[in-house]
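Let me begin by presenting the structure, written as structure tokens, before commenting on it.
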Amino acid sequence: MTAEVARYSIRGLPRATAIHLRDRDRSRGRGTVVAHSNSMRPSEPLAGRATALRSTHRLLTVMVCSTLPGCDVADRPLDKRPADQQFAENAWPALARCVGCHGSQPAIDFLAPGTAPGAYATVFAFQPPIVDVESPASSLLLTMGKHTGPAMLPSDADAVLAWLEAEHEVRIPDSGHPVTIGPVTLALGSLNTVDLGLGATLRFVPAMAAGGLSLTQLAFAAGPGGLHVVHPLFTSKPAFGDPRIDTVDTFGDLELDLAANATSLLGGGAALFPTFPPTDPITIHFRTLEAP
């Protein structure tokens with residue numbers, strides 16, 4: 001079991017006296033802020049190798065490139081097109097299957113009037129919020145999954161996420177660095193322990209289920225300094241092809257505080273990722289991972 005730490009940040013927290021799980025305010029729907037900006041200020045590194053990556057999407061690009069012979073990330077500049085242009089040229093075609101319903105049906109017409117320029121304005125104004133530019137991967141547009149219509153295809157979700165990340169760059173000031181753990185090679189059927197630094201770990205038993213990956217006995221264990229976790233997003237890293245994200249965003253509403261040396265189940269202790277091949281490594285992206 002290997003886990004490469006790409007970034008940690010730590011800040012002073014009131015010392016926790018009990019384990020508790022906090023769901024963020026749901027009055028704004030799923031399009032909510034994942035973490036307050038003051039929780040994202042980098043300070044003393046927890047452990048491991050620190051590489052500041054501003055977004056999950058950018059990190060996934062690096063991960064894919066690292067698996068391909070002769071690929072040099074430095075030779076692949078970031079997409080510098082304006083965000084609205086990326087919407088029109090990439091995200092809008094990816095949303096083509098959604099327009100039939102969401103372009104005109106009352107109460108769900110967040111892509112009205114069914115054209116790219118018009119939908120670009122509507123998608124930001126729609127209530128309850130359908131996009132979250134503060135935390136693009138948490139956007140309901142990406143996480144709704146199968147409903148009365150089909151779930152978004154992985155390639156389409158990637159295009160929409162890339163556009164939302166571009167909106168984030170323009171609309172949200174940089175308030176810190178995401179935290180990434182992985183890739184983690186899975187030992188199926190056995191208890192896997194992933195080192196999070198300063199004595200904290202993530203534990204689970206991976207197995208094949210429903211054609212994808214299931215994790216049971218899923219739990220965080222804090223070190224002697226306690227642990228504060230916000231919004232872990234799981235991704236799969238195939239040997240070939242693009243990384244796959246948990247488009248359901250299973251733990252998008254999670255904020256967890258653990259007292260020193262305490263443990264707590266994550267999501268009831270089980271999670272299912274039907275699009276993740278169980279033999280592929282996984283990576284976990286945290287909005288915040290820190291200790292007092």
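Identifiers for the structure tokens are assigned positionally: chains receive A, B, ... in sequence, residues are indexed from 1 per chain, and ligands are indexed from 1 in the order shown.
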
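The strand (DSSP E) portion of region 151-214 of chain A consists of Val179, Thr180, Ile181, Gly182, Pro183, Val184, Asn192, Thr193, Val194, Asp195, Leu196, Gly197, Ala200, Thr201, Leu202, Arg203, Phe204, Val205, Pro206, Ala207, Met208, Ala209, Gly212, Leu213 and Ser214 of chain A, with states taken from DSSP on the backbone.
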
DSSP on the backbone, then: every residue of region 72-158 of chain A marked alpha helix (DSSP H), written as a VMD selection string.
-> chain A and resid 83 to 86 92 to 94 96 to 102 116 to 125 140 to 143 154 to 158

Please, which residues in region 145-206 of chain A fall within 12 Å of region 122-126 of chain A when counting only C-alpha atoms, and what is the closest atom pair and distance in Å to one decimal for each, ordered by chain then residue number, as JSON lines?
```
{"residue": "A:Leu164", "atom": "CA", "partner": "A:Phe124", "partner_atom": "CA", "distance": 11.0}
{"residue": "A:Glu167", "atom": "CA", "partner": "A:Phe124", "partner_atom": "CA", "distance": 10.7}
{"residue": "A:Arg171", "atom": "CA", "partner": "A:Phe124", "partner_atom": "CA", "distance": 11.9}
```

Distance query Asp84 (chain A) at most 12 Å, only C-alpha atoms, self and fewer than 5 positions along chain excluded, as a ChimeraX atom specification = /A:89-92,116-121,123-124,160,162-168,170

The distance between CA of Ala112 (chain A) and CA of Leu140 (chain A) is 16.6 Å

Can you write out as a tab-separated table which residues of region 108-140 of chain A fall within 9 Å of region 231-250 of chain A, alongside each residue's closest atom pair and its distance in Å to one decimal, counting only C-alpha atoms and ordering rows by chain and ascending residue number?
```
residue	atom	partner	partner_atom	distance
A:Ala137	CA	A:Asp249	CA	7.3
A:Ser138	CA	A:Asp249	CA	6.5
A:Ser139	CA	A:Asp249	CA	8.9
A:Leu140	CA	A:Val248	CA	8.8
```

Near region 282-284 of chain A, within 12 Å and counting only C-alpha atoms, which residues show up once chain neighbours fewer than 2 positions away are dropped, as a PyMOL selection string?
-> chain A and resi 1-7+56+59-60+63+178-187+192+194-196+202+206+213-215+229-239+243-246+249+251+273+275-280+286-289

From the set A:Val133, A:Gly197, A:Gly100, A:Ala260, which residue has the shortest atom-to-atom contact distance to Glu169 (chain A), counting only C-alpha atoms?
->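 Checking each candidate against Glu169 (chain A), we get A:Val133 as the closest.
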
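CA of Pro113 (chain A) lies 20.1 Å from CA of Leu142 (chain A).
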
Residues within 9 Å of Arg203 (chain A), please, as a tab-separated table (two decimals) with C-alpha atoms, in the first residue's frame. Count only C-alpha atoms; anything in the same chain fewer than 5 positions from it doesn't count.
```tsv
chain	number	residue	atom	x	y	z
A	191	LEU	CA	-7.86	-4.01	5.48
A	192	ASN	CA	-6.04	-1.14	3.73
A	193	THR	CA	-4.51	1.64	5.81
A	194	VAL	CA	-3.60	4.95	4.15
A	195	ASP	CA	-1.23	7.27	6.00
A	216	THR	CA	-16.40	-1.24	3.70
A	217	GLN	CA	-15.16	-0.64	7.25
A	218	LEU	CA	-14.42	2.86	5.93
A	219	ALA	CA	-13.12	5.01	8.79
A	220	PHE	CA	-10.82	7.85	9.76
A	221	ALA	CA	-8.46	7.48	12.71
```
